[in-house]
>>> print(open('upload.cif').read())   # mmCIF, C-alpha atoms
data_upload
loop_
_atom_site.label_atom_id
_atom_site.label_comp_id
_atom_site.auth_asym_id
_atom_site.auth_seq_id
_atom_site.Cartn_x
_atom_site.Cartn_y
_atom_site.Cartn_z
CA MET Y 27 -7.38 -29.33 40.29
CA ILE Y 28 -9.79 -27.49 37.96
CA THR Y 29 -8.30 -26.79 34.52
CA ASN Y 30 -9.40 -24.83 31.49
CA ILE Y 31 -7.24 -25.49 28.46
CA VAL Y 32 -9.36 -23.18 26.29
CA PHE Y 33 -9.14 -20.23 28.67
CA PHE Y 34 -7.24 -17.97 26.25
CA LYS Y 35 -9.47 -18.94 23.34
CA ASP Y 36 -12.56 -18.07 25.40
CA VAL Y 37 -11.09 -14.70 26.37
CA GLU Y 38 -10.17 -13.90 22.77
CA GLU Y 39 -13.66 -14.79 21.56
CA GLU Y 40 -15.20 -12.67 24.30
CA ASN Y 41 -12.99 -9.71 23.38
CA ASP Y 42 -13.78 -10.12 19.68
CA LYS Y 43 -17.51 -10.20 20.44
CA LYS Y 44 -17.21 -7.04 22.54
CA TYR Y 45 -15.17 -5.36 19.78
CA ILE Y 46 -17.87 -6.14 17.20
CA GLU Y 47 -20.58 -4.79 19.51
CA ASP Y 48 -18.60 -1.61 20.25
CA ILE Y 49 -17.70 -0.80 16.65
CA THR Y 50 -21.25 -1.56 15.46
CA LYS Y 51 -22.67 0.74 18.12
CA LYS Y 52 -20.28 3.57 17.19
CA LEU Y 53 -21.08 3.24 13.46
CA ILE Y 54 -24.82 3.37 14.15
CA GLU Y 55 -24.35 6.40 16.40
CA LYS Y 56 -22.28 8.18 13.73
CA ASP Y 57 -24.90 7.42 11.06
CA TYR Y 58 -27.59 8.93 13.31
CA GLU Y 59 -25.37 11.94 14.06
CA LEU Y 60 -25.03 12.60 10.31
CA PHE Y 61 -28.80 12.23 9.95
CA LYS Y 62 -29.32 14.91 12.62
CA MET Y 63 -26.96 17.21 10.74
CA THR Y 64 -29.25 17.07 7.69
CA LYS Y 65 -31.96 18.55 9.91
CA GLU Y 66 -29.93 21.07 11.89
CA ASN Y 67 -26.90 22.08 9.80
CA PRO Y 68 -27.70 24.35 6.79
CA GLU Y 69 -24.72 22.88 4.90
CA TYR Y 70 -26.28 19.40 5.07
CA GLN Y 71 -29.94 20.31 4.60
CA LYS Y 72 -29.77 19.64 0.85
CA TYR Y 73 -29.57 15.90 1.63
CA LYS Y 74 -32.91 14.10 1.70
CA ILE Y 75 -33.19 10.60 3.11
CA LYS Y 76 -34.19 7.92 0.63
CA GLU Y 77 -33.88 4.61 2.48
CA LYS Y 78 -31.68 2.40 4.59
CA ARG Y 79 -29.33 -0.20 3.13
CA ASN Y 80 -27.11 -2.82 4.71
CA LYS Y 81 -23.36 -2.73 4.32
CA THR Y 82 -20.71 -5.16 5.50
CA ILE Y 83 -17.38 -3.59 6.44
CA ILE Y 84 -14.31 -5.79 6.80
CA THR Y 85 -11.85 -4.64 9.47
CA LYS Y 86 -8.56 -6.14 10.64
CA ARG Y 87 -10.33 -7.96 13.46
CA CYS Y 88 -13.81 -8.79 12.19
CA ARG Y 89 -16.70 -8.18 9.80
CA VAL Y 90 -19.41 -5.71 10.79
CA THR Y 91 -22.82 -5.43 9.10
CA ILE Y 92 -24.85 -2.28 9.69
CA SER Y 93 -27.89 -0.59 8.21
CA ARG Y 94 -26.98 2.95 7.16
CA ARG Y 95 -28.99 5.75 5.57
CA ARG Y 96 -28.96 6.52 1.86
CA TYR Y 97 -29.55 10.14 0.79
CA TYR Y 98 -30.12 12.05 -2.42
CA TYR Y 99 -29.70 15.66 -3.47
CA PHE Y 100 -30.22 17.60 -6.68
CA ASP Y 101 -26.96 18.40 -8.46
CA GLU Y 102 -27.23 21.77 -10.23
CA ILE Y 103 -24.43 20.93 -12.68
CA LEU Y 104 -25.59 17.42 -13.60
CA LYS Y 105 -29.26 18.47 -13.45
CA ARG Y 106 -30.28 15.25 -11.74
CA ASN Y 107 -30.51 13.58 -8.36
CA VAL Y 108 -27.30 12.15 -6.94
CA TYR Y 109 -27.41 9.37 -4.33
CA VAL Y 110 -24.88 9.16 -1.50
CA PHE Y 111 -24.21 7.40 1.79
CA LEU Y 112 -23.00 10.07 4.21
CA LEU Y 113 -21.55 7.46 6.56
CA ASP Y 114 -19.45 6.01 3.73
CA GLU Y 115 -18.15 9.48 2.87
CA TYR Y 116 -17.35 10.15 6.52
CA LEU Y 117 -15.37 6.88 6.72
CA GLY Y 118 -13.60 7.67 3.43
CA ILE Y 119 -14.79 4.48 1.71
CA LYS Y 120 -16.52 4.06 -1.62
CA LYS Y 121 -20.05 2.67 -1.81
CA TRP Y 122 -18.77 -0.61 -3.32
CA GLN Y 123 -15.79 -0.85 -0.96
CA ARG Y 124 -16.01 -3.47 1.79
CA THR Y 125 -12.52 -3.39 3.31
CA GLU Y 126 -11.85 -0.40 5.55
CA ASN Y 127 -8.86 1.74 4.61
CA SER Y 128 -6.34 0.66 7.26
CA LEU Y 129 -6.86 -2.97 6.23
CA ARG Y 130 -6.47 -2.04 2.54
CA GLU Y 131 -3.22 -0.23 3.34
CA LYS Y 132 -1.92 -3.25 5.24
CA ILE Y 133 -2.74 -5.55 2.30
CA LEU Y 134 -1.17 -3.13 -0.17
CA SER Y 135 2.00 -3.04 1.94
CA PHE Y 136 2.55 -6.69 0.94
CA MET Y 137 2.26 -5.92 -2.77
CA GLY Y 138 5.97 -5.53 -3.33
CA ASP Y 139 7.03 -8.40 -1.06
CA GLY Y 140 6.11 -11.20 -3.47
CA LYS Y 141 3.87 -12.77 -0.83
CA ARG Y 142 1.33 -15.36 -1.95
CA TYR Y 143 -2.34 -14.59 -1.37
CA ARG Y 144 -2.42 -17.33 1.27
CA ASP Y 145 0.42 -15.61 3.17
CA VAL Y 146 -1.49 -12.31 3.14
CA ILE Y 147 -4.68 -14.04 4.32
CA ASP Y 148 -2.80 -15.65 7.20
CA THR Y 149 -1.44 -12.25 8.24
CA VAL Y 150 -4.94 -10.75 8.52
CA ALA Y 151 -6.74 -13.98 9.44
CA ASN Y 152 -9.36 -12.34 11.68
CA SER Y 153 -10.72 -10.30 8.78
CA LYS Y 154 -11.60 -13.54 6.92
CA ILE Y 155 -10.86 -12.05 3.51
CA SER Y 156 -10.73 -14.16 0.35
CA ASN Y 157 -8.23 -14.50 -2.52
CA MET Y 158 -10.62 -12.55 -4.74
CA THR Y 159 -10.74 -9.66 -2.26
CA ILE Y 160 -6.95 -9.37 -2.29
CA SER Y 161 -6.88 -9.61 -6.09
CA ASN Y 162 -9.46 -6.82 -6.41
CA ILE Y 163 -7.58 -4.58 -3.98
CA TYR Y 164 -4.34 -5.03 -5.92
CA LYS Y 165 -6.00 -4.56 -9.28
CA ASN Y 166 -8.17 -1.55 -8.46
CA VAL Y 167 -5.59 0.51 -6.61
CA ASP Y 168 -4.78 3.78 -8.40
CA LEU Y 169 -1.10 4.33 -7.67
CA ASP Y 170 -1.10 7.83 -9.13
CA LYS Y 171 -3.79 9.01 -6.69
CA ILE Y 172 -2.21 7.55 -3.55
CA ASP Y 173 0.39 9.57 -1.70
CA TYR Y 174 3.02 6.89 -1.18
CA ILE Y 175 5.72 9.55 -1.18
CA HIS Y 176 5.55 12.44 1.25
CA ILE Y 177 7.61 15.31 -0.08
CA ASN Y 178 8.05 18.66 1.63
CA GLN Y 179 10.23 20.80 -0.57
CA SER Y 180 10.59 23.51 2.11
CA ASN Y 181 12.00 21.06 4.66
CA LYS Y 182 14.31 18.65 2.85
CA ILE Y 183 15.99 15.71 4.59
CA ASP Y 184 19.64 16.31 5.42
CA ILE Y 185 22.13 13.67 4.33
CA THR Y 186 24.49 13.19 7.28
CA GLY Y 187 26.98 11.08 5.30
CA ASP Y 188 28.32 11.63 1.81
CA THR Y 189 26.06 9.13 -0.01
CA ILE Y 190 22.38 8.66 -0.80
CA TYR Y 191 21.32 5.10 -1.62
CA VAL Y 192 18.71 4.08 -4.19
CA GLN Y 193 17.75 0.40 -4.07
CA ALA Y 194 15.46 -1.07 -6.73
CA ASP Y 195 14.06 -4.52 -7.38
CA GLY Y 196 11.20 -6.23 -9.15
CA THR Y 197 8.79 -9.04 -8.42
CA PHE Y 198 5.91 -10.82 -10.14
CA GLN Y 199 2.39 -11.05 -8.71
CA THR Y 200 -0.32 -13.32 -10.09
CA MET Y 201 -3.74 -11.65 -10.40
CA ARG Y 202 -7.07 -12.61 -11.91
CA ASP Y 203 -8.94 -10.75 -14.63
CA ASP Y 204 -12.53 -9.97 -13.58
CA LYS Y 205 -14.06 -10.58 -16.99
CA THR Y 206 -12.11 -13.52 -18.37
CA LYS Y 207 -11.13 -15.00 -14.97
CA GLU Y 208 -7.74 -15.51 -16.57
CA LYS Y 209 -4.69 -15.48 -14.32
CA LEU Y 210 -2.34 -12.64 -15.22
CA LYS Y 211 1.23 -12.25 -14.01
CA GLU Y 212 1.91 -8.57 -13.39
CA HIS Y 213 5.35 -7.09 -12.84
CA ILE Y 214 5.86 -4.84 -9.81
CA LEU Y 215 8.82 -2.50 -9.37
CA ILE Y 216 9.82 -1.37 -5.88
CA SER Y 217 12.45 1.07 -4.70
CA SER Y 218 13.69 2.44 -1.39
CA ILE Y 219 15.73 5.61 -1.01
CA HIS Y 220 17.69 6.15 2.20
CA THR Y 221 20.86 7.61 3.70
CA GLY Y 222 22.40 4.46 5.14
CA PHE Y 223 22.15 2.88 8.59
CA ASP Y 224 20.89 4.74 11.63
CA LYS Y 225 23.77 4.20 14.09
CA GLU Y 226 21.73 5.32 17.11
CA LYS Y 227 18.77 2.97 16.50
CA SER Y 228 20.64 0.03 14.96
CA THR Y 229 21.74 -2.94 17.03
CA GLU Y 230 24.12 -5.78 16.23
CA LYS Y 231 21.25 -8.06 15.22
CA ARG Y 232 18.81 -5.46 13.91
CA PRO Y 233 20.17 -2.76 11.58
CA VAL Y 234 17.82 0.18 11.02
CA ILE Y 235 17.72 2.18 7.78
CA LYS Y 236 17.80 5.96 8.16
CA ASN Y 237 15.50 8.44 6.35
CA LYS Y 238 13.88 5.80 4.15
CA LYS Y 239 11.22 6.49 1.50
CA GLY Y 240 9.50 3.91 -0.67
CA VAL Y 241 8.18 3.87 -4.23
CA PHE Y 242 6.43 1.14 -6.21
CA GLU Y 243 4.79 0.82 -9.60
CA MET Y 244 2.69 -1.96 -11.10
CA ASN Y 245 1.66 -3.13 -14.58
CA ASN Y 246 5.02 -2.76 -16.29
CA ILE Y 247 5.58 -5.13 -19.22
CA PRO Y 248 8.14 -7.74 -18.09
CA HIS Y 249 9.78 -8.56 -21.43
CA LYS Y 250 10.16 -4.87 -22.30
CA ILE Y 251 11.17 -3.69 -18.84
CA LYS Y 252 14.55 -2.47 -20.05
CA ASN Y 253 12.81 0.01 -22.33
CA LEU Y 254 12.71 3.46 -20.71
CA THR Y 255 9.17 4.17 -21.92
CA ASN Y 256 7.82 1.26 -19.88
CA ILE Y 257 9.37 2.38 -16.58
CA LYS Y 258 9.13 6.13 -17.07
CA VAL Y 259 6.40 6.58 -14.44
CA PHE Y 260 8.36 4.56 -11.90
CA THR Y 261 11.63 6.36 -12.63
CA ASN Y 262 9.91 9.75 -12.28
CA LYS Y 263 8.56 8.73 -8.88
CA VAL Y 264 12.02 7.67 -7.75
CA ILE Y 265 13.52 10.98 -8.89
CA GLU Y 266 10.66 12.89 -7.25
CA ALA Y 267 11.37 11.10 -3.97
CA MET Y 268 15.10 11.88 -4.28
CA HIS Y 269 14.29 15.59 -4.56
CA SER Y 270 12.94 15.47 -0.99
CA TYR Y 271 16.55 14.99 0.19
CA ASN Y 272 19.08 17.81 0.46
CA ILE Y 273 21.37 16.48 -2.27
CA LYS Y 274 24.45 18.70 -2.61
CA LYS Y 275 27.03 18.79 -5.40
CA ASP Y 276 29.43 16.57 -3.45
CA THR Y 277 26.74 13.99 -2.53
CA LYS Y 278 27.41 10.59 -4.09
CA ILE Y 279 24.53 8.51 -5.47
CA LEU Y 280 24.73 4.73 -5.23
CA VAL Y 281 22.13 2.72 -7.15
CA LEU Y 282 21.78 -0.85 -5.88
CA GLY Y 283 19.90 -3.69 -7.57
CA ASN Y 284 19.99 -7.18 -8.99
CA GLY Y 285 22.03 -6.30 -12.08
CA ALA Y 286 19.03 -6.36 -14.46
CA ASN Y 287 18.95 -4.05 -17.49
CA TYR Y 288 16.16 -1.89 -16.09
CA ILE Y 289 18.36 -1.03 -13.07
CA GLU Y 290 20.87 0.47 -15.49
CA THR Y 291 18.04 2.36 -17.21
CA ILE Y 292 16.89 3.82 -13.88
CA ALA Y 293 20.46 4.78 -13.01
CA ASN Y 294 20.90 6.54 -16.36
CA SER Y 295 17.74 8.60 -15.76
CA ILE Y 296 18.95 9.57 -12.28
CA ALA Y 297 22.36 10.53 -13.71
CA LYS Y 298 20.69 12.87 -16.23
CA GLU Y 299 18.65 14.51 -13.44
CA PHE Y 300 21.62 14.93 -11.07
CA LYS Y 301 24.34 15.80 -13.57
CA ASN Y 302 26.73 17.32 -11.02
CA ASN Y 303 26.83 14.26 -8.77
CA ILE Y 304 28.96 11.13 -8.94
CA LEU Y 305 26.76 8.07 -9.52
CA ASP Y 306 27.74 4.42 -9.21
CA VAL Y 307 25.75 1.22 -9.83
CA SER Y 308 26.33 -1.96 -7.84
CA LEU Y 309 24.70 -5.23 -6.87
CA ASP Y 310 22.87 -5.01 -3.55
CA LYS Y 311 24.01 -7.14 -0.61
CA TYR Y 312 21.58 -9.99 -1.26
CA HIS Y 313 22.44 -10.40 -4.94
CA LEU Y 314 26.15 -9.80 -4.32
CA VAL Y 315 26.30 -12.63 -1.74
CA LYS Y 316 24.29 -14.82 -4.08
CA LYS Y 317 26.75 -14.10 -6.89
CA PHE Y 318 29.75 -15.05 -4.72
CA GLU Y 319 28.02 -18.24 -3.58
CA HIS Y 320 27.45 -19.16 -7.22
CA LEU Y 321 31.06 -18.46 -8.14
CA LEU Y 322 32.40 -20.46 -5.19
CA SER Y 323 30.10 -23.33 -6.06
CA TYR Y 324 31.32 -23.26 -9.65
CA ARG Y 325 34.92 -23.18 -8.43
CA LYS Y 326 34.33 -26.21 -6.19
CA ARG Y 327 32.69 -28.21 -8.97
CA ASN Y 328 35.65 -27.60 -11.26
CA LYS Y 329 38.20 -28.12 -8.46
CA ILE Y 330 40.01 -24.88 -9.15
#
>>> encode(input="upload.cif", output="structure tokens")
Amino acid sequence: MITNIVFFKDVEEENDKKYIEDITKKLIEKDYELFKMTKENPEYQKYKIKEKRNKTIITKRCRVTISRRRYYYFDEILKRNVYVFLLDEYLGIKKWQRTENSLREKILSFMGDGKRYRDVIDTVANSKISNMTISNIYKNVDLDKIDYIHINQSNKIDITGDTIYVQADGTFQTMRDDKTKEKLKEHILISSIHTGFDKEKSTEKRPVIKNKKGVFEMNNIPHKIKNLTNIKVFTNKVIEAMHSYNIKKDTKILVLGNGANYIETIANSIAKEFKNNILDVSLDKYHLVKKFEHLLSYRKRNKI
């Protein structure tokens, strides 16, 4: 009987090759389409072509290198020529940016999980990114300019139960300084706000959180984390996210965490903002179970 033990590998390689060809073709076509607009569309006629330059774009599945057009136009305010790549602007990427945005978002989603760089690389293996790429993405992200929290004040989220839950935790992430190449350990704070379990979507083995929003903040000073001034930005983001819920006077607020001092600081800030609501602070499930396991272990050692 004829066998082919590398059948699936061959198919995957063939599909990857076709994907690279397709996405390269579409990028080239879009670059040409933008070029035509500089000739036909009055809004784009200010752009004059300067040259073509190569750019490598890293996607979730591959790396694509294309030659795209570079333009210039005279800026009346700056009184000088400004150079742009219209294709880069169309794709929403900066001229120095190599990773496309959906891949950057995927990598950033691991920021608060405490994953090692190697774990992240394994998750997006086809992109063939390096440790330095991940470090640069983490370091250069501007948290204040990214809409991690979607808030619509005219359509607030109803709280079906009587409690809104605020869970907060922290983790450390090792990064590398570009200039000194020194490894720096940054502190990352993460928080999720939700209204409990979704009974309709939850199963016995897979509980689903209802109406969840997430917040995270980086570059807090670890040894001064209990100081309000060092977590003010993070606390404000948490409170801002809470305002997207329809919190009534009888709504209870439960702050869950690991028992660290900064959790108490966050809870105090929330209490000041929502003065009419009852607020409690407790260990979350993970740390509560861990605490009981420690106590039982201590009890066994001392034969109590």
>>> closest_residue(input="upload.cif", among="Y:Ser161, Y:Ser128, Y:Thr291, Y:Gln199", to="Lys86 in chain Y", atoms="all atoms listed in the file")
Y:Ser128
>>> closest_atom_pairs(input="upload.cif", of="range 177-230 of chain Y", to="range 141-160 of chain Y", cutoff="10 Å", atoms="all atoms listed in the file", output="JSON lines")
{"residue": "Y:Thr197", "atom": "CA", "partner": "Y:Lys141", "partner_atom": "CA", "distance": 9.8}
{"residue": "Y:Phe198", "atom": "CA", "partner": "Y:Lys141", "partner_atom": "CA", "distance": 9.7}
{"residue": "Y:Gln199", "atom": "CA", "partner": "Y:Arg142", "partner_atom": "CA", "distance": 8.1}
{"residue": "Y:Thr200", "atom": "CA", "partner": "Y:Arg142", "partner_atom": "CA", "distance": 8.6}
{"residue": "Y:Met201", "atom": "CA", "partner": "Y:Met158", "partner_atom": "CA", "distance": 9.0}
{"residue": "Y:Arg202", "atom": "CA", "partner": "Y:Met158", "partner_atom": "CA", "distance": 8.0}
{"residue": "Y:Asp204", "atom": "CA", "partner": "Y:Met158", "partner_atom": "CA", "distance": 9.4}
>>> atom_distance(input="upload.cif", atom1="CA of Asp195 in chain Y", atom2="CA of Ile265 in chain Y")
15.6 Å
>>> resolve_selection(input="upload.cif", expression="the PyMOL selection byres ((chain Y and resi 109) around 12)", output="VMD selection string")
chain Y and resid 72 to 77 95 to 101 106 to 108 110 to 112 114 to 115 121
>>> atom_distance(input="upload.cif", atom1="CA of Lys236 in chain Y", atom2="CA of Ile289 in chain Y")
22.4 Å
>>> atom_distance(input="upload.cif", atom1="CA of Lys120 in chain Y", atom2="CA of Thr50 in chain Y")
18.6 Å
>>> residues_near_point(input="upload.cif", point="(29.7, 9.2, -6.9)", cutoff="7 Å", atoms="all atoms listed in the file", output="PyMOL selection string")
chain Y and resi 278-280+303-306
>>> write_last_selection(input="upload.cif", atoms="C-alpha atoms", output="compact mmCIF listing (two decimals), in the frame of the given file")
# COMPACT_ATOMS: atom_id res chain seq x y z
CA LYS Y 278 27.41 10.59 -4.09
CA ILE Y 279 24.53 8.51 -5.47
CA LEU Y 280 24.73 4.73 -5.23
CA ASN Y 303 26.83 14.26 -8.77
CA ILE Y 304 28.96 11.13 -8.94
CA LEU Y 305 26.76 8.07 -9.52
CA ASP Y 306 27.74 4.42 -9.21
>>> resolve_selection(input="upload.cif", expression="the PyMOL selection byres ((chain Y and resi 183) around 6)", output="ChimeraX atom specification")
/Y:182,184,271-272
